Amino acid sequence: MPAPQCASCHKARAALRRPRSGQALCGSCFCAAFEAEVLHTVVAGRLLPPGAVVAVGASGGKDSTVLAHVLRELAPRLGISLHLVAVDEGIGGYRDAALAAVRRQAARWELPLTVVAYADLFGGWTMDAVARSTAGSGRSRACCTFCGVLRRRALEEGARLVGATHVVTGHNADDMAETVLMNFLRGDAGRLARGGGLGSPGEGGALPRCRPLQLASQKEVVLYAHFRRLDYFSEECVYAPEAFRGHARDLLKMLEAARPSAVLDLVHSAERLALAPTARPPPPGACSRCGALASRALCQACALLDGLNRGRPRLAIGKGRRGLDEEGPPREPQPSRPLTSEPVPDF
Amino acid sequence: MLCCRKLTPPGLLEWCSPSEQDVQGPQRLPLTPGDFCLWSHARLPLSDTEPAEARTGDQKCVKCKEGLPVVVIRAGDAFCRDCFKALYVHKFRAMLGKSRLIFPGEKVLLAWSGGPSSSSMVWQVLEGLSRDSAKRLRFVPGVVYIDEGAACGQSPEDRARTLAEVKLALQTTGFPWHAVALEEVFSLPPSALRCSAQEAAGTEGAYKAAVDSFLQQQHALGTNGVERQSQHCAQDPQSPTGPPTTAQTQALSRLFDSVKTLTAKEELLQTLRTHLILHVARNHGYSKVMTGDSCTRLAIKLMTSLALGRGAFLAWDTGFSDERHGDVVVVRPMREHTLKEVAFYNRLFAVPSICTPALDTKAPEKASIHRLMEAFILRLQAQFPSTVSTVYRTSEKLVKAPRAGCAAGPRCLLCMCTLDVDTADSATAFGAQTSHLPQMQTPVTQARAAAGPCCCAGMGGAPGCCKREDPRAQVMEQLCYGCRVNMKDLPSLELLPPYILSEAQLRSQRATAEQEIREYLLGDSEDEAGTGES
């Protein structure tokens with residue numbers, strides 16, 4: 001049976017069906033609709049005012065590629081200027097390939113690109129070094145905990161370097177759904193209370209962040225990238241199998257199979273969670289070391305780095321954070337020989 | 001640079017510095033004062049290293065330290081039989097006691113499904129009311145059993161057999177019992193969907209005063225009062241309607257067969273069951289209903305409700321008390337008992353239970369969201385043993401608050417929670433783009449970017465521009481988000497029991513009428529009209 005006509009322009013043959021509404025559209029109408037929806041999100045939420053200098057967190061993956069492309073199309077209408085900021089976490093065999101994709105994109109779109117590396121920002125700690133440091137205790141390495149916190153900090157630094165006023169990331173609706181599932185499973189009431197909005201307005205000196213793709217489902221992001229023939233890097237991180245998010249992701253896939261609107265329903269639920277006031281995190285102050293936004297004396301990035309430098313990488317992970325306040329002499333790792341645990345001789 | 005080693009049983013820390021390692025091998029180096037701070041550092045991360053090997057074989061009960069343990073609950077706590085029983089009973093009593101919701105002498109309906117958790121709950125109430133228990137429970141219980149065989153597709157012979165077993169079990173409890181068939185939903189009045197005015201919530205003082213007066217009463221009545229109580233227990237059941245007619249059974253089967261997905265079927269069953277239990281409670285003067293949801297089941301229910309779009313109502317769905325129905329409060333006293341504890345208790349103390357096939361028996365794992373979530377949580381629990389308790393603890397942090405800035409608005413027709421769909425909302429009203437399939441006539445929510453606007457309930461658009469004559473749209477706009485998504489799987493709303501349809505019509509008529517006279521009303525007419533529910 002031949003494909004139906006495009007429901008929008010009624011001229012071309014439909015090339016796809018939108019996952020949520022089942023509407024049949026041709027390629028260009030779909031891309032136009034997608035862009036219109038992102039524009040609407042940004043305008044209705046007043047996320048990026050005219051004249052904003054926007055730092056786009058570019059990882060080379062499909063979400064940030066689509067985000068950069070769409071924002072580039074919409075930039076004249078919104079009156080914003082774009083900078084690509086890529087973060088090099090130092091994951092061998094993965095990040096270098098992704099960065100190559102980002103460089104190609106930057107060249108093709110003629111957008112300025114800045115690369116910030118963990119090794120420069122965090123005193124020689126690359127993700128591979130962190131993984132080596134946290135390995136071997138029999139528990140999970142919790143690499144993603146480190147990477148996530150440090151990447152936020154790196155993105156912030158990169159944005160400041162280019163003089164940006166806003167930071168955007170490419171999180172989509174599936175990410176939001178996974179996040180709420182994950183937060184419930186891990187009992188993270190603080191994050192549950194904070195999440196659900198369209199980004200953060202930027203309190204205490206941090207740059208305002210937002211996620212323009214937040215309402216787009218992952219499938220539509222992939223479809224858009226396909227129809228616009230975007231070049232992106234699609235392998236998953238070397239450390240991804242260890243992440244707890246993997247469980248939430250599997251669950252989400254199964255839920256979507258059982259009920260197609262599951263992602264939307266989860267996002268709806270996430271927006272309407274009502275948590276007790278005591279469960280919410282305290283109003284944030286400033287980190288005593290670096291001055292960034294922090295809900296405790298030390299911001300999470302400084303706390304994690306502290307733990308790494310002291311040879312106790314799990315210091316800031318989990319509740320309690322015993323021993324955090326002991327100001328032992330911080331020791332910097334040698335840049336050439338990252339901190340590793342010595343091989344344990346048998347007793 | 002020094003490294004710390006795993007603590008060896010005698011508690012000594014042996015460490016060496018790398019430079020001497022290859023020369024002398026590990027040895028206990030003399031501690032200098034300068035080493036002390038490092039040593040204390042090294043001692044601290046005990047939690048990061050492996051826990052000390054549990055000594056099995058000669059373990060004693062962790063509570064009384066004497067008895068031989070028979071069951072391990074939580075992570076490695078072994079209890080002997082008596083201590084386990086004491087813990088179990090204490091949890092039940094404490095749950096009831098600290099909430100101070102159940103007043104002495106109050107009539108409480110126990111919703112018994114025949115399954116292990118509700119059987120255990122009934123057993124606890126039985127034992128708690130018996131004369132020889134310390135500090136007797138003080139309320140007046142009744143038991144209700146809902147026969148759902150028609151919805152689950154059981155044959156009449158199986159149903160009759162199960163019902164006979166159930167009646168026998170109910171009679172042995174000695175409580176007034178009610179065995180109701182689900183088909184009775186077809187004869188429910190529309191008032192079943194109305195939430196009556198709530199009685200004033202009991203304050204601390206009120207509860208204490210009630211307890212004192214009850215004790216005084218008991219004292220004054222002496223033995224007579226006690227005798228009278230036991231006589232109540234042997235009351236005959238009241239079943240004026242008799243067995244369900246074939247027409248009703250067929251109607252119910254037709255309704256459930258027409259639902260397209262198992263998820264929607266389960267939700268519909270739960271809704272109808274709740275309405276029926278509430279109706280029974282209201283008819284016979286019960287002010288509280290106790291359900292036997294265990295900790296594990298509630299954790300699964302919480303995650304399922306999240307996935308179904310009921311994030312706004314989690315506190316009501318999984319909290320201890322659920323007062324959305326107004327006069328009848330649903331209470332969950334088994335909330336802190338994990339399924340494992342329930343199973344072991346039932347086995348150790350021979351609590352009878354009746355196993356009946358449910359809607360999702362033998363369904364594959366991916367058949368419905370409920371099944372999926374159950375399998376997922378139980379699998380995750382095997383890997384991370386604290387999953388259920390973490391979810392439970394998070395659920396305790398949820399509050400029954402309406403959204404900020406949202407006054408008590410209209411309530412959902414089916415689940416009686418305040419509606420959580422408003423067009424002023426960002427994400428889902430927009431992103432949904434009316435995820436309607438071609439066969440639906442009217443859009444459920446409208447697309448903001450669409451060219452032709454169409455008014456939605458409560459937004460005060462031009463009356464009559466919306467297709468209100470369409471009964472499906474009429475019903476849909478009175479449902480909360482979660483119920484709407486479920487109803488999408490029900491292609492024909494006419495098969496629903498008449499009380500739902502007539503109440504829907506009544507409400508929409510009232511809303512239209514109010515729309516017309518809105519400009520003439522002074523102040524908030526909601527209070528006088530009783531939020532349209534009286």
# chains A, B, ... in the order shown; residues from 1 in each chain; ligands from 1
$ closest_atom_pairs --of "chain B" --to "chain A" --cutoff "6 Å" --atoms "only C-alpha atoms" --output "CSV"
residue,atom,partner,partner_atom,distance
B:Leu306,CA,A:Ser269,CA,5.8
B:Ala307,CA,A:Leu266,CA,5.1
B:Leu308,CA,A:Asp265,CA,5.8
B:Gly309,CA,A:Asp265,CA,4.2
B:Arg310,CA,A:Ser269,CA,5.7
B:Gly311,CA,A:Ser269,CA,3.7
B:Ala312,CA,A:Arg272,CA,4.8
B:Ser368,CA,A:Ala258,CA,6.0
B:Thr390,CA,A:Gly187,CA,5.4
B:Val391,CA,A:Leu185,CA,5.8
B:Thr394,CA,A:Gly187,CA,5.3
B:Lys397,CA,A:Ala276,CA,5.4
B:Leu398,CA,A:Leu275,CA,4.5
B:Val399,CA,A:Ala276,CA,5.4
B:Gly431,CA,A:Leu215,CA,5.7
B:Ser435,CA,A:Ser21,CA,4.1
B:His436,CA,A:Ser21,CA,5.8
$ closest_atom_pairs --of "region 81-127 of chain A" --to "region 158-163 of chain A" --cutoff "8 Å" --atoms "only C-alpha atoms" --output "CSV"
residue,atom,partner,partner_atom,distance
A:His83,CA,A:Val162,CA,7.5
A:Val85,CA,A:Gly158,CA,6.2
A:Thr114,CA,A:Gly158,CA,7.0
A:Val115,CA,A:Gly158,CA,7.5
A:Val116,CA,A:Gly158,CA,6.1
$ residues_around --residues "Cys147 (chain A)" --least-positions-apart "2" --cutoff "12 Å" --atoms "only C-alpha atoms" --output "number ranges by chain"
A: 87-91, 117-118, 122, 125-131, 141-145, 149-155, 237, 239-240, 243, 300-301, 304-305
$ write_last_selection --atoms "N, CA, C and O atoms" --output "CSV table (one decimal), in the first residue's frame"
chain,number,residue,atom,x,y,z
A,87,VAL,N,33.4,19.2,25.9
A,87,VAL,CA,34.1,18.8,27.1
A,87,VAL,C,34.9,17.5,26.8
A,87,VAL,O,34.3,16.5,26.3
A,88,ASP,N,36.1,17.6,27.1
A,88,ASP,CA,37.0,16.4,26.9
A,88,ASP,C,37.2,15.7,28.3
A,88,ASP,O,38.0,16.2,29.1
A,89,GLU,N,36.5,14.7,28.5
A,89,GLU,CA,36.7,14.0,29.9
A,89,GLU,C,37.9,13.1,30.0
A,89,GLU,O,38.2,12.7,31.0
A,90,GLY,N,38.5,12.9,28.8
A,90,GLY,CA,39.7,12.1,28.9
A,90,GLY,C,39.4,10.6,28.9
A,90,GLY,O,40.0,9.8,29.6
A,91,ILE,N,38.3,10.2,28.2
A,91,ILE,CA,38.0,8.8,28.1
A,91,ILE,C,38.6,8.3,26.8
A,91,ILE,O,38.1,8.6,25.7
A,117,ALA,N,39.1,20.6,28.8
A,117,ALA,CA,39.5,19.3,29.1
A,117,ALA,C,39.6,19.1,30.7
A,117,ALA,O,40.0,20.0,31.4
A,118,TYR,N,39.1,18.0,31.1
A,118,TYR,CA,39.2,17.7,32.6
A,118,TYR,C,40.7,17.8,33.1
A,118,TYR,O,40.9,18.4,34.2
A,122,PHE,N,40.9,20.2,36.2
A,122,PHE,CA,40.8,19.5,37.5
A,122,PHE,C,42.1,18.9,37.9
A,122,PHE,O,42.1,17.8,38.5
A,125,TRP,N,43.2,15.2,36.6
A,125,TRP,CA,42.3,14.0,36.7
A,125,TRP,C,41.5,13.9,35.4
A,125,TRP,O,40.6,14.6,35.2
A,126,THR,N,41.8,12.8,34.7
A,126,THR,CA,40.9,12.5,33.6
A,126,THR,C,40.0,11.4,34.0
A,126,THR,O,40.2,10.8,35.1
A,127,MET,N,38.9,11.1,33.3
A,127,MET,CA,38.0,10.1,33.7
A,127,MET,C,38.7,8.7,33.8
A,127,MET,O,38.3,7.9,34.6
A,128,ASP,N,39.6,8.4,32.9
A,128,ASP,CA,40.3,7.1,33.0
A,128,ASP,C,41.0,7.0,34.3
A,128,ASP,O,41.1,6.0,35.0
A,129,ALA,N,41.6,8.2,34.7
A,129,ALA,CA,42.3,8.1,36.0
A,129,ALA,C,41.4,7.9,37.2
A,129,ALA,O,41.7,7.2,38.1
A,130,VAL,N,40.2,8.6,37.1
A,130,VAL,CA,39.2,8.4,38.1
A,130,VAL,C,38.8,7.0,38.2
A,130,VAL,O,38.7,6.4,39.3
A,131,ALA,N,38.6,6.4,37.0
A,131,ALA,CA,38.1,5.0,37.0
A,131,ALA,C,39.1,4.1,37.6
A,131,ALA,O,38.8,3.2,38.4
A,141,ARG,N,32.1,1.3,40.4
A,141,ARG,CA,33.1,2.4,40.3
A,141,ARG,C,32.5,3.8,40.4
A,141,ARG,O,33.2,4.7,40.7
A,142,ALA,N,31.3,3.9,40.2
A,142,ALA,CA,30.6,5.2,40.3
A,142,ALA,C,31.3,6.2,39.4
A,142,ALA,O,31.3,7.4,39.7
A,143,CYS,N,31.8,5.8,38.2
A,143,CYS,CA,32.4,6.7,37.3
A,143,CYS,C,31.4,7.8,36.9
A,143,CYS,O,31.8,9.0,36.8
A,144,CYS,N,30.2,7.4,36.6
A,144,CYS,CA,29.2,8.4,36.1
A,144,CYS,C,28.9,9.5,37.1
A,144,CYS,O,28.6,10.6,36.7
A,145,THR,N,29.0,9.1,38.4
A,145,THR,CA,28.8,10.2,39.4
A,145,THR,C,29.8,11.3,39.2
A,145,THR,O,29.5,12.5,39.1
A,149,VAL,N,29.1,15.3,37.5
A,149,VAL,CA,29.3,16.5,38.3
A,149,VAL,C,30.4,17.3,37.6
A,149,VAL,O,30.3,18.6,37.5
A,150,LEU,N,31.5,16.7,37.3
A,150,LEU,CA,32.7,17.4,36.7
A,150,LEU,C,32.4,18.0,35.4
A,150,LEU,O,32.8,19.1,35.0
A,151,ARG,N,31.5,17.3,34.6
A,151,ARG,CA,31.2,17.8,33.3
A,151,ARG,C,30.4,19.1,33.4
A,151,ARG,O,30.6,20.0,32.6
A,152,ARG,N,29.4,19.1,34.4
A,152,ARG,CA,28.7,20.3,34.6
A,152,ARG,C,29.6,21.5,34.9
A,152,ARG,O,29.5,22.6,34.3
A,153,ARG,N,30.6,21.2,35.7
A,153,ARG,CA,31.5,22.3,36.1
A,153,ARG,C,32.3,22.7,34.9
A,153,ARG,O,32.5,23.9,34.6
A,154,ALA,N,32.7,21.7,34.1
A,154,ALA,CA,33.6,22.0,33.0
A,154,ALA,C,32.8,22.9,31.9
A,154,ALA,O,33.3,23.8,31.3
A,155,LEU,N,31.5,22.5,31.8
A,155,LEU,CA,30.6,23.2,30.8
A,155,LEU,C,30.5,24.7,31.3
A,155,LEU,O,30.5,25.6,30.5
A,237,CYS,N,29.3,5.5,25.7
A,237,CYS,CA,30.5,5.7,26.5
A,237,CYS,C,31.0,4.3,27.0
A,237,CYS,O,30.3,3.4,27.3
A,239,TYR,N,32.2,3.6,29.8
A,239,TYR,CA,31.7,3.3,31.2
A,239,TYR,C,30.2,3.2,31.3
A,239,TYR,O,29.7,3.0,32.4
A,240,ALA,N,29.5,3.3,30.2
A,240,ALA,CA,28.1,3.4,30.3
A,240,ALA,C,27.4,2.1,30.9
A,240,ALA,O,26.5,2.2,31.7
A,243,ALA,N,26.6,2.2,34.6
A,243,ALA,CA,25.7,3.2,35.2
A,243,ALA,C,24.4,2.7,35.7
A,243,ALA,O,23.8,1.8,35.1
A,300,GLN,N,29.8,20.0,45.1
A,300,GLN,CA,30.1,18.6,44.9
A,300,GLN,C,31.3,18.4,44.1
A,300,GLN,O,32.0,17.4,44.3
A,301,ALA,N,31.6,19.3,43.2
A,301,ALA,CA,32.8,19.0,42.4
A,301,ALA,C,34.1,19.1,43.2
A,301,ALA,O,35.0,18.3,43.2
A,304,LEU,N,34.2,16.0,45.4
A,304,LEU,CA,34.7,14.8,44.7
A,304,LEU,C,36.2,14.9,44.5
A,304,LEU,O,36.9,13.9,44.6
A,305,LEU,N,36.6,16.0,44.0
A,305,LEU,CA,38.1,16.1,43.7
A,305,LEU,C,38.9,16.0,45.0
A,305,LEU,O,40.0,15.4,45.0
$ select_by_dssp --residues "region 84-278 of chain A" --states "strand (DSSP E or B)" --output "list in words"
Leu84, Val85, Ala86, Val87, Asp88, Leu113, Thr114, Val115, Val116, Ala117, His166, Val167, Val168, Gly199, Ser200, Arg209, Cys210 and Leu275 of chain A
$ write_last_selection --atoms "N, CA, C and O atoms" --output "compact mmCIF listing (two decimals), in the first residue's frame"
# COMPACT_ATOMS: atom_id res chain seq x y z
N LEU A 84 29.86 26.70 20.38
CA LEU A 84 29.89 25.29 20.77
C LEU A 84 30.94 25.10 21.85
O LEU A 84 32.07 25.58 21.72
N VAL A 85 30.55 24.42 22.92
CA VAL A 85 31.52 24.09 23.97
C VAL A 85 31.54 22.58 24.10
O VAL A 85 30.53 21.95 24.39
N ALA A 86 32.70 22.01 23.87
CA ALA A 86 32.84 20.56 23.99
C ALA A 86 33.71 20.25 25.19
O ALA A 86 34.65 20.98 25.48
N VAL A 87 33.37 19.19 25.89
CA VAL A 87 34.10 18.82 27.09
C VAL A 87 34.87 17.53 26.82
O VAL A 87 34.30 16.55 26.34
N ASP A 88 36.15 17.56 27.11
CA ASP A 88 36.99 16.39 26.92
C ASP A 88 37.24 15.75 28.27
O ASP A 88 38.04 16.24 29.06
N LEU A 113 34.18 26.99 18.24
CA LEU A 113 34.23 25.82 19.11
C LEU A 113 35.30 26.00 20.16
O LEU A 113 36.40 26.44 19.86
N THR A 114 34.95 25.69 21.39
CA THR A 114 35.92 25.70 22.49
C THR A 114 35.92 24.32 23.11
O THR A 114 34.85 23.77 23.38
N VAL A 115 37.10 23.77 23.33
CA VAL A 115 37.19 22.47 23.98
C VAL A 115 37.82 22.66 25.35
O VAL A 115 38.89 23.24 25.46
N VAL A 116 37.11 22.19 26.39
CA VAL A 116 37.68 22.24 27.74
C VAL A 116 37.96 20.81 28.18
O VAL A 116 37.13 19.95 27.99
N ALA A 117 39.12 20.61 28.75
CA ALA A 117 39.51 19.26 29.13
C ALA A 117 39.57 19.13 30.66
O ALA A 117 39.99 20.05 31.35
N HIS A 166 24.03 32.13 28.60
CA HIS A 166 23.14 30.99 28.86
C HIS A 166 23.86 29.72 28.43
O HIS A 166 24.68 29.74 27.52
N VAL A 167 23.49 28.63 29.07
CA VAL A 167 24.02 27.33 28.71
C VAL A 167 22.85 26.45 28.29
O VAL A 167 21.84 26.39 28.98
N VAL A 168 22.96 25.79 27.15
CA VAL A 168 21.90 24.86 26.76
C VAL A 168 22.49 23.47 26.56
O VAL A 168 23.64 23.33 26.14
N GLY A 199 14.58 23.82 33.26
CA GLY A 199 15.96 24.27 33.39
C GLY A 199 16.06 25.07 34.66
O GLY A 199 15.14 25.09 35.47
N SER A 200 17.18 25.68 34.88
CA SER A 200 17.31 26.47 36.10
C SER A 200 17.60 27.90 35.73
O SER A 200 18.32 28.19 34.78
N ARG A 209 20.58 27.75 32.83
CA ARG A 209 20.67 26.58 31.96
C ARG A 209 19.29 26.21 31.49
O ARG A 209 18.33 26.35 32.24
N CYS A 210 19.18 25.68 30.31
CA CYS A 210 17.89 25.19 29.87
C CYS A 210 18.08 24.07 28.87
O CYS A 210 19.18 23.80 28.40
N LEU A 275 6.71 17.14 46.99
CA LEU A 275 7.56 16.59 48.05
C LEU A 275 7.46 17.45 49.28
O LEU A 275 7.25 18.66 49.21
$ residues_around --residues "region 246-260 of chain B" --least-positions-apart "6" --cutoff "12 Å" --atoms "only C-alpha atoms" --output "VMD selection string"
(chain A and resid 258 to 259) or (chain B and resid 147 to 156 159 181 to 187 266 to 269 272 359 367 to 368 486 to 498)
$ residues_around --residues "region 95-103 of chain B" --least-positions-apart "6" --cutoff "8 Å" --atoms "only C-alpha atoms" --output "list in words"
Arg138, Phe139, Gly202, Glu204, Tyr207, Ala210, Val211, Lys288, Pro333, Met334 and Arg335 of chain B
$ residues_around --residues "region 192-197 of chain B" --least-positions-apart "6" --cutoff "8 Å" --atoms "only C-alpha atoms" --output "ChimeraX atom specification"
/B:275,278-279,324-327,413-414,416,499-500,503,533-534
$ atom_distance --atom1 "CA of Ala286 (chain A)" --atom2 "CA of Gly57 (chain A)"
23.9 Å
$ select_by_dssp --residues "region 326-372 of chain B" --states "alpha helix (DSSP H)" --output "list of chain:residue names"
B:Leu339, B:Lys340, B:Glu341, B:Val342, B:Ala343, B:Phe344, B:Tyr345, B:Asn346, B:Arg347, B:Leu348, B:Ile369, B:His370, B:Arg371, B:Leu372
$ residues_around --residues "Cys295 (chain B)" --least-positions-apart "6" --cutoff "7 Å" --atoms "only C-alpha atoms" --output "PyMOL selection string"
chain B and resi 335-339+392
